[in-house]
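A quick write-up on the structure given underneath.
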Amino acid sequence: MSYVDEIIVKVVANNPGETEFHQAVEEVLNSLRFVVDENEEEFRKAALLERLVEPERCILFRVPWVDDKGQVQVNKGYRVQFNSAIGPYKGGLRFHPSVNLGIIKFLGFEQTFKNSLTGLPIGGGKGGSDFDPKGKSDREIMAFCQSFMTELSRHIGPYTDVPAGDIGVGGREIGFLFGQYKRIKNEFTGVLTGKGIGWGGSLIRPEATGYGTVYFAEEMLKTRNDNFKGKVVAISGSGNVAQFAAEKVLKLGGKVVTFSDSSGSIYDPDGIDKEKLNFVMELKNVHRGRIKEYAEKYNVEYMAKKRPWSVKCDVALPCATENELNLEEAKTLTSNGCILVAEGANMPSTEDAVHHFINSKILYGPGKAANAGGVAVSGLEMTQNSMRLAWSRKEVDSKLHSIMKNIHNICVTHGKESDNFVNYVKGANIGGFVKVANSMISQGLV
Ligand code: NDP
């Protein structure tokens with residue numbers, strides 16, 4: 001059995017029930033086969049793959065908090081510090097009822113390669129809780145965040161581990177988390193990214209993942225002498241990543257026709273223009289409402305409990321969550337003429353859907369490359385905090401743009417096949433792996 005296959009078997013046996021983690025490891029290792037085979041002796045001796053798939057540290061903790069009725073509630077808290085070979089652990093916090101150890105491990109594993117691809121000195125980590133922010137008052141959110149940070153603060157720091165937001169963790173939550181860290185440690189440091197502009201945050205951080213995904217997709221289109229002008233774009237989700245991906249698509253002349261949330265999707269064939277997008281931003285970020293209200297306001301189709309992939313489009317940008325695009329939906333997309341899929345979310349396409357996109361030779365950009373703009377600007381926020389200065393919107397945006405172009409170049413370098421087709425999965429995985437592997441070997445047995 002090959003070294004890669006041995007490790008895949010071990011990961012499945014040693015991490016029972018962690019299906020998303022198995023899926024992520026299989027996807028990465030399968031595309032590293034060539035590099036691993038070439039260096040098998042050295043990698044085996046150093047047990048490199050065994051170390052790569054085992055987090056450096058998993059922290060699991062209890063989060064007690066009091067709800068508005070005076071009742072004590074208890075949630076689970078997680079921080080997985082996956083790999084610090086190239087820098088302090090860095091990765092978001094997710095607050096969602098579906099969160100469990102396997103999901104946080106898959107996200108932390110992916111984050112290691114994504115962070116490496118950005119070219120910035122940041123390692124991989126991820127955390128979160130099964131706490132559901134939906135329907136909670138601001139006071140309840142604050143109580144939860146303060147309790148969560150009371151424990152997390154022991155394990156993080158600007159030189160150790162710098163968390164950010166993810167699903168269910170936006171500016172409001174980062175504010176409460178940062179406030180509690182500052183209170184406990186009595187220090188004002190860049191321990192979290194995604195902070196408010198008045199207190200250490202970076203301009204363009206809220207926009208970064210969505211904008212970055214579209215910058216990456218734009219580079220992909222360029223390889224086929226194409227661009228976003230006039231393209232019909234289906235987007236899933238309606239949160240942070242989806243909103244700013246839509247904003248950038250509009251800017252580049254594309255037409256966005258869908259949004260979704262966990263209850264269903266809307267389809268607006270006339271296109272979601274700037275005014276309608278402002279309505280979505282207000283609906284989701286201020287009123288914390290459901291996307292169904294868009295269909296009611298603009299009198300368009302609402303597809304209850306459905307994802308948007310049945311809609312005819314040229315470009316699909318999955319920006320909601322993992323495994324939200326399966327093989328059947330992938331086939332519908334390609335048979336409807338979709339030429340590009342770029343993932344704003346982490347692992348939104350199932351493994352067989354990914355194979356279908358690659359076998360169909362459409363442009364397929366996996367999340368770890370396409371959505372790396374968020375963590376890249378988080379890295380730039382850390383730089384600004386260390387330098388005690390703040391860059392302009394234009395400066396940060398142009399740095400983000402060039403980082404995304406660079407990640408695209410790395411994917412092309414490592415992913416171009418003999419017929420000139422670019423396998424972005426292979427390109428991103430090899431491109432992210434090489435620096436991490438070399439650093440781990442240089443640092444000895446850690
Ligand atoms: P938000 O919480 O802002 O938005 C998430 C969106 O996805 C919401 O519309 C939500 O709907 C929907 N969603 C969440 N869970 C599910 C589910 N199980 N089924 C269907 N829809 C769901 O999160 P973000 O926009 O920040 O994150 C979206 C994706 O992008 C995630 O995969 C995240 O890991 C990834 N990502 C985010 C980065 C960032 O900077 N924020 C960076 C890189 C990747 P509802 O409101 O109904 O829950």
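Ordered as shown in the structure tokens, chains take letters A, B, and onward, while each chain numbers its residues from 1 and ligands are numbered from 1 in the order shown.
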Excluding same-chain residues fewer than 2 positions from Asn429 (chain A), what lies within 8 Å of it counting only C-alpha atoms, as a count of residues only? 10
Excluding Gly212 (chain A) and any residue of its chain fewer than 4 positions from it, enumerate the residues within 12 Å of it, using only C-alpha atoms, and give them as a PDB file with N, CA, C and O atoms, in the first residue's frame.
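Full text of selection.pdb as output:
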```
ATOM      1  N   THR A 118      -1.185  31.923   1.038  1.00  0.00           N
ATOM      2  CA  THR A 118      -1.230  33.394   1.030  1.00  0.00           C
ATOM      3  C   THR A 118       0.173  34.000   0.986  1.00  0.00           C
ATOM      4  O   THR A 118       0.320  35.183   0.695  1.00  0.00           O
ATOM      5  N   ILE A 204     -11.268  46.836   4.606  1.00  0.00           N
ATOM      6  CA  ILE A 204     -11.390  45.737   3.631  1.00  0.00           C
ATOM      7  C   ILE A 204     -11.458  44.337   4.272  1.00  0.00           C
ATOM      8  O   ILE A 204     -11.728  43.367   3.599  1.00  0.00           O
ATOM      9  N   ARG A 205     -11.263  44.201   5.597  1.00  0.00           N
ATOM     10  CA  ARG A 205     -11.377  42.845   6.158  1.00  0.00           C
ATOM     11  C   ARG A 205     -12.778  42.275   5.970  1.00  0.00           C
ATOM     12  O   ARG A 205     -12.919  41.115   5.552  1.00  0.00           O
ATOM     13  N   PRO A 206     -13.863  43.054   6.237  1.00  0.00           N
ATOM     14  CA  PRO A 206     -15.194  42.456   6.033  1.00  0.00           C
ATOM     15  C   PRO A 206     -15.416  42.027   4.581  1.00  0.00           C
ATOM     16  O   PRO A 206     -16.046  41.008   4.317  1.00  0.00           O
ATOM     17  N   GLU A 207     -14.873  42.789   3.650  1.00  0.00           N
ATOM     18  CA  GLU A 207     -15.089  42.501   2.223  1.00  0.00           C
ATOM     19  C   GLU A 207     -14.171  41.393   1.700  1.00  0.00           C
ATOM     20  O   GLU A 207     -14.408  40.827   0.626  1.00  0.00           O
ATOM     21  N   ALA A 208     -13.079  41.108   2.433  1.00  0.00           N
ATOM     22  CA  ALA A 208     -11.933  40.398   1.849  1.00  0.00           C
ATOM     23  C   ALA A 208     -12.239  39.014   1.274  1.00  0.00           C
ATOM     24  O   ALA A 208     -11.758  38.684   0.180  1.00  0.00           O
ATOM     25  N   PHE A 216     -10.106  35.943  -7.601  1.00  0.00           N
ATOM     26  CA  PHE A 216      -9.547  34.650  -8.009  1.00  0.00           C
ATOM     27  C   PHE A 216     -10.294  34.138  -9.255  1.00  0.00           C
ATOM     28  O   PHE A 216      -9.688  33.696 -10.229  1.00  0.00           O
ATOM     29  N   ALA A 217     -11.627  34.230  -9.223  1.00  0.00           N
ATOM     30  CA  ALA A 217     -12.445  33.762 -10.350  1.00  0.00           C
ATOM     31  C   ALA A 217     -12.116  34.565 -11.618  1.00  0.00           C
ATOM     32  O   ALA A 217     -12.085  34.017 -12.733  1.00  0.00           O
ATOM     33  N   GLU A 218     -11.846  35.852 -11.428  1.00  0.00           N
ATOM     34  CA  GLU A 218     -11.505  36.707 -12.567  1.00  0.00           C
ATOM     35  C   GLU A 218     -10.216  36.206 -13.243  1.00  0.00           C
ATOM     36  O   GLU A 218     -10.102  36.148 -14.473  1.00  0.00           O
ATOM     37  N   GLU A 219      -9.233  35.813 -12.389  1.00  0.00           N
ATOM     38  CA  GLU A 219      -7.979  35.260 -12.932  1.00  0.00           C
ATOM     39  C   GLU A 219      -8.239  33.954 -13.671  1.00  0.00           C
ATOM     40  O   GLU A 219      -7.635  33.686 -14.714  1.00  0.00           O
ATOM     41  N   VAL A 241     -19.593  36.416   3.322  1.00  0.00           N
ATOM     42  CA  VAL A 241     -18.869  36.080   2.087  1.00  0.00           C
ATOM     43  C   VAL A 241     -19.763  36.297   0.868  1.00  0.00           C
ATOM     44  O   VAL A 241     -19.351  36.915  -0.129  1.00  0.00           O
ATOM     45  N   ALA A 242     -21.006  35.825   0.950  1.00  0.00           N
ATOM     46  CA  ALA A 242     -21.935  35.945  -0.176  1.00  0.00           C
ATOM     47  C   ALA A 242     -22.188  37.416  -0.531  1.00  0.00           C
ATOM     48  O   ALA A 242     -22.178  37.795  -1.712  1.00  0.00           O
ATOM     49  N   PHE A 244     -20.374  40.176  -0.071  1.00  0.00           N
ATOM     50  CA  PHE A 244     -19.296  40.937  -0.713  1.00  0.00           C
ATOM     51  C   PHE A 244     -18.835  40.295  -2.024  1.00  0.00           C
ATOM     52  O   PHE A 244     -18.308  40.989  -2.896  1.00  0.00           O
ATOM     53  N   ALA A 245     -19.075  38.997  -2.182  1.00  0.00           N
ATOM     54  CA  ALA A 245     -18.824  38.383  -3.498  1.00  0.00           C
ATOM     55  C   ALA A 245     -19.793  39.020  -4.495  1.00  0.00           C
ATOM     56  O   ALA A 245     -19.403  39.412  -5.603  1.00  0.00           O
ATOM     57  N   ALA A 246     -21.047  39.151  -4.085  1.00  0.00           N
ATOM     58  CA  ALA A 246     -22.056  39.752  -4.971  1.00  0.00           C
ATOM     59  C   ALA A 246     -21.666  41.187  -5.318  1.00  0.00           C
ATOM     60  O   ALA A 246     -21.747  41.599  -6.482  1.00  0.00           O
ATOM     61  N   GLU A 247     -21.219  41.941  -4.312  1.00  0.00           N
ATOM     62  CA  GLU A 247     -20.858  43.348  -4.563  1.00  0.00           C
ATOM     63  C   GLU A 247     -19.763  43.444  -5.637  1.00  0.00           C
ATOM     64  O   GLU A 247     -19.833  44.268  -6.540  1.00  0.00           O
ATOM     65  N   LYS A 248     -18.765  42.577  -5.536  1.00  0.00           N
ATOM     66  CA  LYS A 248     -17.654  42.639  -6.507  1.00  0.00           C
ATOM     67  C   LYS A 248     -18.095  42.155  -7.890  1.00  0.00           C
ATOM     68  O   LYS A 248     -17.676  42.709  -8.903  1.00  0.00           O
ATOM     69  N   VAL A 249     -18.961  41.130  -7.931  1.00  0.00           N
ATOM     70  CA  VAL A 249     -19.461  40.662  -9.238  1.00  0.00           C
ATOM     71  C   VAL A 249     -20.189  41.811  -9.943  1.00  0.00           C
ATOM     72  O   VAL A 249     -19.980  42.058 -11.143  1.00  0.00           O
ATOM     73  N   LEU A 317     -20.945  30.496  -7.352  1.00  0.00           N
ATOM     74  CA  LEU A 317     -20.080  30.811  -6.214  1.00  0.00           C
ATOM     75  C   LEU A 317     -20.737  30.296  -4.934  1.00  0.00           C
ATOM     76  O   LEU A 317     -21.569  30.984  -4.331  1.00  0.00           O
ATOM     77  N   ALA A 342     -16.260  28.810  -8.254  1.00  0.00           N
ATOM     78  CA  ALA A 342     -15.204  29.242  -7.320  1.00  0.00           C
ATOM     79  C   ALA A 342     -15.815  29.260  -5.928  1.00  0.00           C
ATOM     80  O   ALA A 342     -16.880  29.858  -5.710  1.00  0.00           O
ATOM     81  N   GLU A 343     -15.126  28.613  -4.979  1.00  0.00           N
ATOM     82  CA  GLU A 343     -15.717  28.381  -3.664  1.00  0.00           C
ATOM     83  C   GLU A 343     -15.367  29.483  -2.659  1.00  0.00           C
ATOM     84  O   GLU A 343     -14.219  29.589  -2.222  1.00  0.00           O
ATOM     85  N   GLY A 344     -16.377  30.261  -2.285  1.00  0.00           N
ATOM     86  CA  GLY A 344     -16.210  31.234  -1.204  1.00  0.00           C
ATOM     87  C   GLY A 344     -16.277  30.527   0.142  1.00  0.00           C
ATOM     88  O   GLY A 344     -15.642  30.937   1.109  1.00  0.00           O
ATOM     89  N   ALA A 345     -17.048  29.438   0.204  1.00  0.00           N
ATOM     90  CA  ALA A 345     -17.171  28.657   1.442  1.00  0.00           C
ATOM     91  C   ALA A 345     -16.048  27.624   1.512  1.00  0.00           C
ATOM     92  O   ALA A 345     -15.325  27.398   0.535  1.00  0.00           O
ATOM     93  N   GLY A 365     -12.366  26.272  -8.838  1.00  0.00           N
ATOM     94  CA  GLY A 365     -11.429  26.814  -7.841  1.00  0.00           C
ATOM     95  C   GLY A 365     -11.821  26.395  -6.442  1.00  0.00           C
ATOM     96  O   GLY A 365     -12.857  26.839  -5.923  1.00  0.00           O
ATOM     97  N   GLY A 367     -12.039  26.002  -2.322  1.00  0.00           N
ATOM     98  CA  GLY A 367     -12.068  27.027  -1.275  1.00  0.00           C
ATOM     99  C   GLY A 367     -10.707  27.425  -0.750  1.00  0.00           C
ATOM    100  O   GLY A 367     -10.457  28.613  -0.526  1.00  0.00           O
ATOM    101  N   LYS A 368      -9.817  26.467  -0.563  1.00  0.00           N
ATOM    102  CA  LYS A 368      -8.561  26.841   0.114  1.00  0.00           C
ATOM    103  C   LYS A 368      -7.748  27.835  -0.711  1.00  0.00           C
ATOM    104  O   LYS A 368      -6.957  28.579  -0.155  1.00  0.00           O
ATOM    105  N   ALA A 369      -7.993  27.882  -2.024  1.00  0.00           N
ATOM    106  CA  ALA A 369      -7.349  28.914  -2.844  1.00  0.00           C
ATOM    107  C   ALA A 369      -8.288  30.101  -3.018  1.00  0.00           C
ATOM    108  O   ALA A 369      -7.925  31.245  -2.757  1.00  0.00           O
ATOM    109  N   ALA A 370      -9.527  29.809  -3.443  1.00  0.00           N
ATOM    110  CA  ALA A 370     -10.439  30.897  -3.838  1.00  0.00           C
ATOM    111  C   ALA A 370     -10.871  31.777  -2.671  1.00  0.00           C
ATOM    112  O   ALA A 370     -11.113  32.965  -2.856  1.00  0.00           O
ATOM    113  N   ASN A 371     -10.994  31.198  -1.460  1.00  0.00           N
ATOM    114  CA  ASN A 371     -11.473  32.047  -0.359  1.00  0.00           C
ATOM    115  C   ASN A 371     -10.363  32.479   0.603  1.00  0.00           C
ATOM    116  O   ASN A 371     -10.638  32.951   1.712  1.00  0.00           O
ATOM    117  N   ALA A 372      -9.111  32.368   0.150  1.00  0.00           N
ATOM    118  CA  ALA A 372      -7.984  32.702   1.040  1.00  0.00           C
ATOM    119  C   ALA A 372      -7.841  34.211   1.290  1.00  0.00           C
ATOM    120  O   ALA A 372      -7.042  34.632   2.130  1.00  0.00           O
ATOM    121  N   GLY A 373      -8.624  35.011   0.576  1.00  0.00           N
ATOM    122  CA  GLY A 373      -8.522  36.467   0.745  1.00  0.00           C
ATOM    123  C   GLY A 373      -8.876  36.924   2.154  1.00  0.00           C
ATOM    124  O   GLY A 373      -8.331  37.926   2.651  1.00  0.00           O
ATOM    125  N   GLY A 374      -9.789  36.209   2.812  1.00  0.00           N
ATOM    126  CA  GLY A 374     -10.193  36.597   4.168  1.00  0.00           C
ATOM    127  C   GLY A 374      -9.038  36.488   5.134  1.00  0.00           C
ATOM    128  O   GLY A 374      -8.692  37.449   5.850  1.00  0.00           O
ATOM    129  N   VAL A 375      -8.409  35.328   5.127  1.00  0.00           N
ATOM    130  CA  VAL A 375      -7.293  35.154   6.070  1.00  0.00           C
ATOM    131  C   VAL A 375      -6.097  36.016   5.644  1.00  0.00           C
ATOM    132  O   VAL A 375      -5.332  36.479   6.485  1.00  0.00           O
ATOM    133  N   ALA A 376      -5.973  36.255   4.341  1.00  0.00           N
ATOM    134  CA  ALA A 376      -4.860  37.102   3.893  1.00  0.00           C
ATOM    135  C   ALA A 376      -4.994  38.504   4.488  1.00  0.00           C
ATOM    136  O   ALA A 376      -4.024  39.053   5.029  1.00  0.00           O
ATOM    137  N   VAL A 377      -6.206  39.070   4.434  1.00  0.00           N
ATOM    138  CA  VAL A 377      -6.363  40.414   5.002  1.00  0.00           C
ATOM    139  C   VAL A 377      -6.311  40.361   6.529  1.00  0.00           C
ATOM    140  O   VAL A 377      -5.864  41.305   7.184  1.00  0.00           O
ATOM    141  N   VAL A 396      -4.958  48.336   1.117  1.00  0.00           N
ATOM    142  CA  VAL A 396      -5.272  46.954   1.524  1.00  0.00           C
ATOM    143  C   VAL A 396      -5.884  46.199   0.341  1.00  0.00           C
ATOM    144  O   VAL A 396      -5.529  45.036   0.078  1.00  0.00           O
ATOM    145  N   ASP A 397      -6.795  46.875  -0.372  1.00  0.00           N
ATOM    146  CA  ASP A 397      -7.455  46.204  -1.494  1.00  0.00           C
ATOM    147  C   ASP A 397      -6.434  45.799  -2.567  1.00  0.00           C
ATOM    148  O   ASP A 397      -6.514  44.702  -3.133  1.00  0.00           O
ATOM    149  N   SER A 398      -5.444  46.682  -2.805  1.00  0.00           N
ATOM    150  CA  SER A 398      -4.489  46.310  -3.850  1.00  0.00           C
ATOM    151  C   SER A 398      -3.570  45.178  -3.377  1.00  0.00           C
ATOM    152  O   SER A 398      -3.180  44.310  -4.171  1.00  0.00           O
ATOM    153  N   LYS A 399      -3.274  45.154  -2.073  1.00  0.00           N
ATOM    154  CA  LYS A 399      -2.481  44.011  -1.559  1.00  0.00           C
ATOM    155  C   LYS A 399      -3.296  42.719  -1.668  1.00  0.00           C
ATOM    156  O   LYS A 399      -2.782  41.669  -2.058  1.00  0.00           O
ATOM    157  N   LEU A 400      -4.586  42.794  -1.316  1.00  0.00           N
ATOM    158  CA  LEU A 400      -5.459  41.610  -1.434  1.00  0.00           C
ATOM    159  C   LEU A 400      -5.477  41.125  -2.886  1.00  0.00           C
ATOM    160  O   LEU A 400      -5.321  39.919  -3.151  1.00  0.00           O
ATOM    161  N   HIS A 401      -5.658  42.068  -3.796  1.00  0.00           N
ATOM    162  CA  HIS A 401      -5.742  41.701  -5.210  1.00  0.00           C
ATOM    163  C   HIS A 401      -4.460  40.992  -5.664  1.00  0.00           C
ATOM    164  O   HIS A 401      -4.503  39.953  -6.328  1.00  0.00           O
ATOM    165  N   SER A 402      -3.312  41.536  -5.236  1.00  0.00           N
ATOM    166  CA  SER A 402      -2.087  40.886  -5.726  1.00  0.00           C
ATOM    167  C   SER A 402      -1.852  39.546  -5.028  1.00  0.00           C
ATOM    168  O   SER A 402      -1.318  38.619  -5.650  1.00  0.00           O
ATOM    169  N   ILE A 403      -2.304  39.406  -3.774  1.00  0.00           N
ATOM    170  CA  ILE A 403      -2.185  38.081  -3.121  1.00  0.00           C
ATOM    171  C   ILE A 403      -3.043  37.049  -3.877  1.00  0.00           C
ATOM    172  O   ILE A 403      -2.603  35.924  -4.150  1.00  0.00           O
ATOM    173  N   MET A 404      -4.263  37.440  -4.267  1.00  0.00           N
ATOM    174  CA  MET A 404      -5.131  36.487  -4.972  1.00  0.00           C
ATOM    175  C   MET A 404      -4.543  36.113  -6.341  1.00  0.00           C
ATOM    176  O   MET A 404      -4.610  34.952  -6.755  1.00  0.00           O
ATOM    177  N   LYS A 405      -3.940  37.107  -7.004  1.00  0.00           N
ATOM    178  CA  LYS A 405      -3.296  36.803  -8.302  1.00  0.00           C
ATOM    179  C   LYS A 405      -2.139  35.833  -8.096  1.00  0.00           C
ATOM    180  O   LYS A 405      -1.918  34.916  -8.884  1.00  0.00           O
ATOM    181  N   ASN A 406      -1.401  36.067  -7.009  1.00  0.00           N
ATOM    182  CA  ASN A 406      -0.261  35.209  -6.715  1.00  0.00           C
ATOM    183  C   ASN A 406      -0.699  33.771  -6.405  1.00  0.00           C
ATOM    184  O   ASN A 406      -0.085  32.800  -6.861  1.00  0.00           O
ATOM    185  N   ILE A 407      -1.784  33.649  -5.616  1.00  0.00           N
ATOM    186  CA  ILE A 407      -2.297  32.299  -5.305  1.00  0.00           C
ATOM    187  C   ILE A 407      -2.722  31.618  -6.615  1.00  0.00           C
ATOM    188  O   ILE A 407      -2.471  30.423  -6.830  1.00  0.00           O
ATOM    189  N   HIS A 408      -3.339  32.390  -7.498  1.00  0.00           N
ATOM    190  CA  HIS A 408      -3.743  31.817  -8.778  1.00  0.00           C
ATOM    191  C   HIS A 408      -2.522  31.313  -9.559  1.00  0.00           C
ATOM    192  O   HIS A 408      -2.530  30.201 -10.107  1.00  0.00           O
TER     193      HIS A 408
END
```
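The environment of Val311 (chain A) within 10 Å, counting only C-alpha atoms and disregarding residues fewer than 2 places along the same chain, consists of A:Val232, A:Val233, A:Ala234, A:Val257, A:Thr258, A:Tyr267, A:Pro269, A:Arg307, A:Pro308, A:Trp309, A:Cys313, A:Asp314, A:Ala316, A:Thr332, A:Leu333, A:Asn336, A:Cys338.
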Could you write those residues out with N, CA, C and O atoms, as a PDB file, in the first residue's frame?
```pdb
ATOM      1  N   VAL A 232     -24.007  35.506 -15.879  1.00  0.00           N
ATOM      2  CA  VAL A 232     -25.067  35.264 -14.894  1.00  0.00           C
ATOM      3  C   VAL A 232     -24.462  34.431 -13.767  1.00  0.00           C
ATOM      4  O   VAL A 232     -23.860  33.384 -14.013  1.00  0.00           O
ATOM      5  N   VAL A 233     -24.587  34.940 -12.534  1.00  0.00           N
ATOM      6  CA  VAL A 233     -23.867  34.336 -11.402  1.00  0.00           C
ATOM      7  C   VAL A 233     -24.842  33.869 -10.321  1.00  0.00           C
ATOM      8  O   VAL A 233     -25.674  34.650  -9.850  1.00  0.00           O
ATOM      9  N   ALA A 234     -24.747  32.584  -9.955  1.00  0.00           N
ATOM     10  CA  ALA A 234     -25.549  32.053  -8.851  1.00  0.00           C
ATOM     11  C   ALA A 234     -24.679  32.026  -7.599  1.00  0.00           C
ATOM     12  O   ALA A 234     -23.560  31.489  -7.627  1.00  0.00           O
ATOM     13  N   VAL A 257     -28.019  36.378  -9.562  1.00  0.00           N
ATOM     14  CA  VAL A 257     -29.453  36.054  -9.620  1.00  0.00           C
ATOM     15  C   VAL A 257     -29.963  35.257  -8.413  1.00  0.00           C
ATOM     16  O   VAL A 257     -31.171  35.037  -8.315  1.00  0.00           O
ATOM     17  N   THR A 258     -29.075  34.793  -7.541  1.00  0.00           N
ATOM     18  CA  THR A 258     -29.569  34.013  -6.391  1.00  0.00           C
ATOM     19  C   THR A 258     -28.845  34.374  -5.101  1.00  0.00           C
ATOM     20  O   THR A 258     -27.696  34.853  -5.116  1.00  0.00           O
ATOM     21  N   TYR A 267     -34.606  33.431  -6.239  1.00  0.00           N
ATOM     22  CA  TYR A 267     -34.141  33.532  -7.623  1.00  0.00           C
ATOM     23  C   TYR A 267     -34.725  34.800  -8.233  1.00  0.00           C
ATOM     24  O   TYR A 267     -35.942  34.932  -8.339  1.00  0.00           O
ATOM     25  N   PRO A 269     -34.412  36.678 -11.575  1.00  0.00           N
ATOM     26  CA  PRO A 269     -33.847  36.643 -12.936  1.00  0.00           C
ATOM     27  C   PRO A 269     -33.459  38.021 -13.472  1.00  0.00           C
ATOM     28  O   PRO A 269     -32.619  38.123 -14.370  1.00  0.00           O
ATOM     29  N   ARG A 307     -31.479  24.546  -2.551  1.00  0.00           N
ATOM     30  CA  ARG A 307     -30.260  25.290  -2.819  1.00  0.00           C
ATOM     31  C   ARG A 307     -30.362  25.871  -4.229  1.00  0.00           C
ATOM     32  O   ARG A 307     -31.180  25.402  -5.025  1.00  0.00           O
ATOM     33  N   PRO A 308     -29.543  26.858  -4.542  1.00  0.00           N
ATOM     34  CA  PRO A 308     -29.789  27.576  -5.803  1.00  0.00           C
ATOM     35  C   PRO A 308     -29.237  26.929  -7.068  1.00  0.00           C
ATOM     36  O   PRO A 308     -29.286  27.546  -8.127  1.00  0.00           O
ATOM     37  N   TRP A 309     -28.712  25.712  -6.998  1.00  0.00           N
ATOM     38  CA  TRP A 309     -27.934  25.188  -8.139  1.00  0.00           C
ATOM     39  C   TRP A 309     -28.768  24.709  -9.323  1.00  0.00           C
ATOM     40  O   TRP A 309     -28.216  24.289 -10.341  1.00  0.00           O
ATOM     41  N   CYS A 313     -26.992  29.286 -14.973  1.00  0.00           N
ATOM     42  CA  CYS A 313     -26.004  30.346 -14.711  1.00  0.00           C
ATOM     43  C   CYS A 313     -24.695  30.024 -15.433  1.00  0.00           C
ATOM     44  O   CYS A 313     -24.450  28.890 -15.830  1.00  0.00           O
ATOM     45  N   ASP A 314     -23.851  31.055 -15.592  1.00  0.00           N
ATOM     46  CA  ASP A 314     -22.521  30.854 -16.192  1.00  0.00           C
ATOM     47  C   ASP A 314     -21.486  30.561 -15.112  1.00  0.00           C
ATOM     48  O   ASP A 314     -20.482  29.887 -15.349  1.00  0.00           O
ATOM     49  N   ALA A 316     -20.911  29.800 -10.766  1.00  0.00           N
ATOM     50  CA  ALA A 316     -21.515  29.465  -9.466  1.00  0.00           C
ATOM     51  C   ALA A 316     -20.510  29.765  -8.366  1.00  0.00           C
ATOM     52  O   ALA A 316     -19.339  29.354  -8.466  1.00  0.00           O
ATOM     53  N   THR A 332     -26.263  19.224 -12.847  1.00  0.00           N
ATOM     54  CA  THR A 332     -27.253  20.207 -13.315  1.00  0.00           C
ATOM     55  C   THR A 332     -26.539  21.489 -13.732  1.00  0.00           C
ATOM     56  O   THR A 332     -26.840  22.077 -14.781  1.00  0.00           O
ATOM     57  N   LEU A 333     -25.585  21.917 -12.915  1.00  0.00           N
ATOM     58  CA  LEU A 333     -24.861  23.151 -13.232  1.00  0.00           C
ATOM     59  C   LEU A 333     -24.167  23.042 -14.589  1.00  0.00           C
ATOM     60  O   LEU A 333     -24.336  23.910 -15.448  1.00  0.00           O
ATOM     61  N   ASN A 336     -26.408  22.946 -17.528  1.00  0.00           N
ATOM     62  CA  ASN A 336     -27.018  24.267 -17.796  1.00  0.00           C
ATOM     63  C   ASN A 336     -26.010  25.278 -18.339  1.00  0.00           C
ATOM     64  O   ASN A 336     -26.325  26.451 -18.465  1.00  0.00           O
ATOM     65  N   CYS A 338     -22.833  26.038 -16.996  1.00  0.00           N
ATOM     66  CA  CYS A 338     -21.943  26.712 -16.041  1.00  0.00           C
ATOM     67  C   CYS A 338     -20.476  26.422 -16.414  1.00  0.00           C
ATOM     68  O   CYS A 338     -20.099  25.273 -16.609  1.00  0.00           O
TER      69      CYS A 338
END
```
Would you name the residues within 6 Å of ligand 1, counting only C-alpha atoms and all ligand atoms, and put them as a ChimeraX atom specification? /A:165-168,209,237-242,260-263,319-322,344-346,371,374
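The closest residue to Gly194 (chain A), picked from A:Leu380, A:Ile441, A:Val36, A:Val66 and counting only C-alpha atoms, is A:Leu380.
Closest approach to Pro158 (chain A) from the set A:Gly108, A:Gly210, A:Pro88, A:Pro121 is made by A:Pro88, with distances taken over only C-alpha atoms.
Each of A:Glu151, A:Glu293, A:Glu42, A:Glu381 was compared to Gly190 (chain A) using only C-alpha atoms, and A:Glu381 turns out to be the nearest.
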Could you give me, as a ChimeraX atom specification, the residues within 9 Å of region 354-357 of chain A, counting only C-alpha atoms and dropping anything in the same chain fewer than 5 positions from it? /A:326-327,330-331,334,340-341,349,362-364,366,425
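Comparing A:Gly128, A:Glu20, A:Gly171, A:Lys195 by their smallest distance to Glu110 (chain A), the closest is A:Glu20 (using only C-alpha atoms).
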Could you pull out the residues in region 34-211 of chain A that DSSP calls strand (DSSP E) from the backbone, as a count of residues only? 40
Among region 129-370 of chain A, which residues does DSSP mark as alpha helix (DSSP H) when it is run on the backbone? Keep the chain and numbering as in the structure and answer as an MDAnalysis selection string. chainID A and resid 138:152 171:185 205:222 240:251 274:285 292:298 327:335 351:359 367:370
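Distances here use only C-alpha atoms; by that measure, the residue among A:Met142, A:Ala390, A:Val315, A:Leu192 closest to Asp67 (chain A) is A:Met142.
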Could you give me, as an NGL selection string, the residues within 8 Å of Tyr78 (chain A), counting only C-alpha atoms and dropping anything in the same chain fewer than 2 positions from it? :A and (58-61 or 76 or 80 or 101 or 104 or 127-129)
